[in-house]
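Engineer: Following this message is one structure expressed as structure tokens.
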Amino acid sequence: MSVYDRLNSLGISLPPVAVPVAAYVPFVRTGNLVFLSGHIAKRDGKPWVGQLGGDLSTAEGRDAARAVAIDLLGTLHAAVGSLDRITRIVKVMSLVNCTPSFTEQHLVTNGCSDLLAEVFGDKGAHARSAFGVAQIPMGACVEIDLVAEVA
């Protein structure tokens, strides 16, 4: 089953690449690796604002991280032409906008990691970091970047 068949079965359509709002590019390819810039969580096309452990629950954060993963897949598709060319999701780094006492960054980030595993199977298993931070651009609740290997 192709990656696109899996996406279709999950009811996911890939969004276009977001236009950067600062001095960076959405992705850089070097050799067989593609580095995607950080993508913030969005809901209804606007930053998904909030703080985990404050006005957002872990479950809401997980949903936000899943939404980020879908945006990352759209950018990855634009970067390589076909997601079927991805041989491995190498690394995911997640920043979670949270209160100082919030300790479930890893559970929030599972929203992204679980979707990558659903879409890519074993190729979606990746190294990962999940950090709690005091703030993210535009007040977004989650920001995630990704490194993938391409055939």
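In the structure tokens, the first chain shown is A, the next is B, and so on; residue numbers restart at 1 for each chain, and ligands run from 1 in the order shown.
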Name all residues at most 10 Å from stretch 49-65 of chain A (count only C-alpha atoms; drop same-chain ones fewer than 4 positions away) and give them as JSON, numbers by chain.
Structural biologist: {"A": [39, 40, 41, 42, 43, 69, 70, 71, 94, 95, 96, 97, 98, 99, 100, 101, 102, 103, 104, 105, 106, 107, 108, 109, 110, 111, 112, 113, 114, 115, 132, 133, 134, 135, 136, 137, 138, 139, 140, 141, 142, 143, 144]}
Engineer: Near A:Lys123, counting only C-alpha atoms, which residues have an atom at most 7 Å away, once you skip same-chain residues fewer than 4 positions from it, shown as a PyMOL selection string?
Structural biologist: chain A and resi 87-89
Engineer: Would you list the contacts of stretch 75-81 of chain A as number ranges by chain, taking every protein, DNA or RNA residue within 12 Å and counting only C-alpha atoms, but skipping same-chain residues closer than 3 positions in sequence?
Structural biologist: A: 3-4, 13-20, 25-39, 68-72, 84-87, 89, 116, 145-151
Engineer: Put those residues in a file: N, CA and C atoms, as a tab-separated table (two decimals), in the first residue's frame.
Structural biologist:
```
chain	number	residue	atom	x	y	z
A	3	VAL	N	2.03	5.24	0.48
A	3	VAL	CA	1.82	6.23	1.53
A	3	VAL	C	0.53	7.00	1.26
A	4	TYR	N	0.27	7.31	0.00
A	4	TYR	CA	-0.92	8.08	-0.35
A	4	TYR	C	-2.21	7.28	-0.12
A	13	SER	N	-5.81	14.78	3.59
A	13	SER	CA	-5.31	15.37	2.35
A	13	SER	C	-4.19	16.32	2.73
A	14	LEU	N	-3.16	16.32	1.91
A	14	LEU	CA	-1.97	17.11	2.24
A	14	LEU	C	-2.18	18.59	1.95
A	15	PRO	N	-1.80	19.43	2.89
A	15	PRO	CA	-1.91	20.88	2.68
A	15	PRO	C	-0.74	21.37	1.83
A	16	PRO	N	-0.89	22.54	1.22
A	16	PRO	CA	0.25	23.13	0.51
A	16	PRO	C	1.31	23.59	1.51
A	17	VAL	N	2.50	23.83	1.01
A	17	VAL	CA	3.57	24.33	1.86
A	17	VAL	C	3.22	25.74	2.32
A	18	ALA	N	3.36	25.97	3.61
A	18	ALA	CA	3.10	27.30	4.16
A	18	ALA	C	4.22	28.25	3.76
A	19	VAL	N	3.86	29.48	3.48
A	19	VAL	CA	4.85	30.50	3.15
A	19	VAL	C	5.52	30.94	4.44
A	20	PRO	N	6.86	30.91	4.50
A	20	PRO	CA	7.55	31.34	5.73
A	20	PRO	C	7.21	32.78	6.09
A	25	VAL	N	13.75	29.01	5.06
A	25	VAL	CA	13.09	28.27	3.99
A	25	VAL	C	12.37	27.08	4.62
A	26	PRO	N	11.32	26.56	3.97
A	26	PRO	CA	10.55	25.47	4.57
A	26	PRO	C	11.33	24.16	4.70
A	27	PHE	N	12.30	23.96	3.80
A	27	PHE	CA	13.09	22.72	3.86
A	27	PHE	C	14.42	22.93	3.18
A	28	VAL	N	15.37	22.06	3.55
A	28	VAL	CA	16.67	22.03	2.89
A	28	VAL	C	17.00	20.57	2.66
A	29	ARG	N	17.42	20.28	1.44
A	29	ARG	CA	17.86	18.91	1.14
A	29	ARG	C	19.36	18.92	0.94
A	30	THR	N	20.03	17.96	1.57
A	30	THR	CA	21.46	17.77	1.38
A	30	THR	C	21.70	16.27	1.29
A	31	GLY	N	22.26	15.84	0.18
A	31	GLY	CA	22.43	14.40	-0.04
A	31	GLY	C	21.09	13.70	-0.02
A	32	ASN	N	20.99	12.66	0.78
A	32	ASN	CA	19.72	11.92	0.86
A	32	ASN	C	18.90	12.29	2.09
A	33	LEU	N	19.23	13.42	2.71
A	33	LEU	CA	18.47	13.88	3.87
A	33	LEU	C	17.71	15.16	3.55
A	34	VAL	N	16.49	15.26	4.09
A	34	VAL	CA	15.68	16.47	3.98
A	34	VAL	C	15.40	16.95	5.39
A	35	PHE	N	15.73	18.21	5.65
A	35	PHE	CA	15.50	18.84	6.94
A	35	PHE	C	14.32	19.79	6.78
A	36	LEU	N	13.26	19.57	7.53
A	36	LEU	CA	12.10	20.45	7.49
A	36	LEU	C	12.19	21.44	8.64
A	37	SER	N	11.94	22.71	8.33
A	37	SER	CA	11.90	23.74	9.37
A	37	SER	C	10.75	23.45	10.32
A	38	GLY	N	10.80	24.05	11.49
A	38	GLY	CA	9.74	23.89	12.46
A	38	GLY	C	8.40	24.37	11.92
A	39	HIS	N	7.37	23.58	12.16
A	39	HIS	CA	6.00	23.90	11.79
A	39	HIS	C	5.20	24.06	13.07
A	68	VAL	N	0.22	19.16	13.29
A	68	VAL	CA	1.55	19.58	12.82
A	68	VAL	C	2.12	18.50	11.89
A	69	ALA	N	1.97	17.24	12.26
A	69	ALA	CA	2.49	16.14	11.43
A	69	ALA	C	1.90	16.18	10.03
A	70	ILE	N	0.62	16.49	9.93
A	70	ILE	CA	-0.02	16.57	8.61
A	70	ILE	C	0.61	17.69	7.79
A	71	ASP	N	0.84	18.85	8.43
A	71	ASP	CA	1.51	19.95	7.72
A	71	ASP	C	2.93	19.57	7.32
A	72	LEU	N	3.63	18.88	8.20
A	72	LEU	CA	4.99	18.43	7.87
A	72	LEU	C	4.97	17.50	6.65
A	84	ASP	N	6.34	8.38	-1.26
A	84	ASP	CA	6.75	6.98	-1.43
A	84	ASP	C	8.27	6.86	-1.57
A	85	ARG	N	8.96	7.97	-1.78
A	85	ARG	CA	10.42	7.96	-1.88
A	85	ARG	C	11.10	8.04	-0.51
A	86	ILE	N	10.32	8.25	0.54
A	86	ILE	CA	10.89	8.34	1.88
A	86	ILE	C	11.30	6.95	2.35
A	87	THR	N	12.57	6.81	2.72
A	87	THR	CA	13.06	5.52	3.20
A	87	THR	C	13.07	5.45	4.73
A	89	ILE	N	11.88	8.12	8.36
A	89	ILE	CA	11.78	9.34	9.16
A	89	ILE	C	12.89	9.19	10.18
A	116	LEU	N	3.00	9.45	12.05
A	116	LEU	CA	4.10	9.06	11.16
A	116	LEU	C	4.21	7.54	11.06
A	145	ASP	N	9.85	20.01	14.19
A	145	ASP	CA	10.62	19.89	12.95
A	145	ASP	C	10.96	18.42	12.73
A	146	LEU	N	11.48	18.12	11.54
A	146	LEU	CA	11.63	16.72	11.15
A	146	LEU	C	12.80	16.57	10.19
A	147	VAL	N	13.47	15.43	10.26
A	147	VAL	CA	14.51	15.05	9.31
A	147	VAL	C	14.09	13.71	8.70
A	148	ALA	N	14.14	13.63	7.35
A	148	ALA	CA	13.77	12.40	6.67
A	148	ALA	C	14.86	12.01	5.69
A	149	GLU	N	14.94	10.69	5.44
A	149	GLU	CA	15.85	10.15	4.44
A	149	GLU	C	15.07	9.82	3.18
A	150	VAL	N	15.65	10.15	2.03
A	150	VAL	CA	15.00	9.96	0.74
A	150	VAL	C	15.81	8.99	-0.11
A	151	ALA	N	15.12	8.14	-0.86
A	151	ALA	CA	15.80	7.23	-1.78
A	151	ALA	C	16.38	8.01	-2.94
```
Engineer: So which one's closest to A:Gly45, A:Ala67, A:Tyr24, A:Met93, A:Arg128? Using only C-alpha atoms, please.
Structural biologist: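 The closest residue to A:Gly45 is A:Ala67.
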Engineer: Have a look at atom CA of A:Ser129 and atom CA of A:Lys91 and let me know their distance in Å, one decimal.
Structural biologist: 8.1 Å
Engineer: Report the residues of stretch 21-147 of chain A whose backbone DSSP state falls under alpha helix (DSSP H), written as a PyMOL selection string.
Structural biologist: chain A and resi 58-80+105-120
Engineer: Output N, CA and C atoms for every residue in the selection just made, as a compact mmCIF listing (two decimals), in the first residue's frame.
Structural biologist:
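What ended up in part_7.txt:
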```txt
# COMPACT_ATOMS: atom_id res chain seq x y z
N THR A 58 -3.43 17.67 27.83
CA THR A 58 -2.51 16.80 27.10
C THR A 58 -3.18 16.24 25.84
N ALA A 59 -4.44 15.86 25.93
CA ALA A 59 -5.16 15.33 24.76
C ALA A 59 -5.26 16.39 23.66
N GLU A 60 -5.52 17.63 24.03
CA GLU A 60 -5.57 18.70 23.02
C GLU A 60 -4.20 18.92 22.40
N GLY A 61 -3.16 18.85 23.21
CA GLY A 61 -1.80 18.98 22.70
C GLY A 61 -1.44 17.87 21.74
N ARG A 62 -1.89 16.67 22.07
CA ARG A 62 -1.66 15.52 21.17
C ARG A 62 -2.34 15.76 19.83
N ASP A 63 -3.57 16.27 19.84
CA ASP A 63 -4.27 16.59 18.60
C ASP A 63 -3.53 17.67 17.81
N ALA A 64 -2.98 18.65 18.52
CA ALA A 64 -2.22 19.72 17.87
C ALA A 64 -0.96 19.15 17.22
N ALA A 65 -0.28 18.24 17.90
CA ALA A 65 0.93 17.62 17.34
C ALA A 65 0.59 16.78 16.11
N ARG A 66 -0.56 16.13 16.12
CA ARG A 66 -1.00 15.38 14.94
C ARG A 66 -1.25 16.33 13.77
N ALA A 67 -1.85 17.47 14.06
CA ALA A 67 -2.09 18.47 13.01
C ALA A 67 -0.77 18.98 12.44
N VAL A 68 0.22 19.16 13.29
CA VAL A 68 1.55 19.58 12.82
C VAL A 68 2.12 18.50 11.89
N ALA A 69 1.97 17.24 12.26
CA ALA A 69 2.49 16.14 11.43
C ALA A 69 1.90 16.18 10.03
N ILE A 70 0.62 16.49 9.93
CA ILE A 70 -0.02 16.57 8.61
C ILE A 70 0.61 17.69 7.79
N ASP A 71 0.84 18.85 8.43
CA ASP A 71 1.51 19.95 7.72
C ASP A 71 2.93 19.57 7.32
N LEU A 72 3.63 18.88 8.20
CA LEU A 72 4.99 18.43 7.87
C LEU A 72 4.97 17.50 6.65
N LEU A 73 3.99 16.62 6.59
CA LEU A 73 3.88 15.71 5.44
C LEU A 73 3.64 16.48 4.15
N GLY A 74 2.86 17.55 4.21
CA GLY A 74 2.65 18.38 3.03
C GLY A 74 3.95 19.01 2.55
N THR A 75 4.75 19.49 3.48
CA THR A 75 6.04 20.09 3.13
C THR A 75 7.01 19.02 2.62
N LEU A 76 7.01 17.87 3.26
CA LEU A 76 7.89 16.78 2.82
C LEU A 76 7.54 16.34 1.41
N HIS A 77 6.26 16.25 1.11
CA HIS A 77 5.82 15.92 -0.26
C HIS A 77 6.36 16.95 -1.25
N ALA A 78 6.25 18.22 -0.92
CA ALA A 78 6.75 19.28 -1.81
C ALA A 78 8.27 19.19 -1.97
N ALA A 79 8.95 18.79 -0.92
CA ALA A 79 10.41 18.73 -0.94
C ALA A 79 10.95 17.60 -1.81
N VAL A 80 10.24 16.46 -1.83
CA VAL A 80 10.79 15.27 -2.52
C VAL A 80 9.95 14.80 -3.70
N GLN A 105 5.26 16.35 27.90
CA GLN A 105 5.67 16.72 26.54
C GLN A 105 5.77 15.48 25.64
N HIS A 106 6.24 14.39 26.20
CA HIS A 106 6.39 13.16 25.44
C HIS A 106 5.03 12.63 24.95
N LEU A 107 4.00 12.79 25.78
CA LEU A 107 2.67 12.32 25.40
C LEU A 107 2.05 13.24 24.34
N VAL A 108 2.29 14.54 24.44
CA VAL A 108 1.84 15.48 23.41
C VAL A 108 2.47 15.10 22.08
N THR A 109 3.78 14.89 22.07
CA THR A 109 4.53 14.61 20.85
C THR A 109 4.11 13.30 20.20
N ASN A 110 3.55 12.38 21.00
CA ASN A 110 3.05 11.13 20.42
C ASN A 110 2.01 11.38 19.32
N GLY A 111 1.32 12.51 19.36
CA GLY A 111 0.36 12.82 18.30
C GLY A 111 1.02 12.85 16.94
N CYS A 112 2.23 13.38 16.89
CA CYS A 112 3.00 13.40 15.64
C CYS A 112 3.60 12.02 15.35
N SER A 113 4.27 11.46 16.33
CA SER A 113 4.96 10.19 16.14
C SER A 113 4.01 9.06 15.73
N ASP A 114 2.85 9.00 16.36
CA ASP A 114 1.89 7.95 16.03
C ASP A 114 1.38 8.08 14.60
N LEU A 115 1.14 9.31 14.15
CA LEU A 115 0.68 9.49 12.77
C LEU A 115 1.77 9.09 11.78
N LEU A 116 3.00 9.45 12.05
CA LEU A 116 4.10 9.06 11.16
C LEU A 116 4.21 7.54 11.06
N ALA A 117 4.01 6.86 12.18
CA ALA A 117 4.04 5.39 12.16
C ALA A 117 2.86 4.83 11.37
N GLU A 118 1.68 5.44 11.51
CA GLU A 118 0.52 4.99 10.74
C GLU A 118 0.74 5.16 9.24
N VAL A 119 1.36 6.24 8.86
CA VAL A 119 1.53 6.56 7.44
C VAL A 119 2.69 5.79 6.82
N PHE A 120 3.82 5.69 7.54
CA PHE A 120 5.03 5.10 6.95
C PHE A 120 5.34 3.69 7.46
```
Engineer: One number please: atom CA of A:Ser9 to atom CA of A:Asp44, in Å, one decimal.
Structural biologist: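 Between these atoms lies a distance of 21.8 Å.
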Engineer: Give me every strand (DSSP E) residue in stretch 9-94 of chain A, going by DSSP on the backbone, as a PyMOL selection string.
Structural biologist: chain A and resi 27-30+33-40+42-43+46-47+86-94
Engineer: So the first atom is atom CA of A:Met1 and the second is atom CA of A:Asp122; what is the distance between them in Å, to one decimal place?
Structural biologist: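 Going from atom CA of A:Met1 over to atom CA of A:Asp122 covers 13.2 Å.
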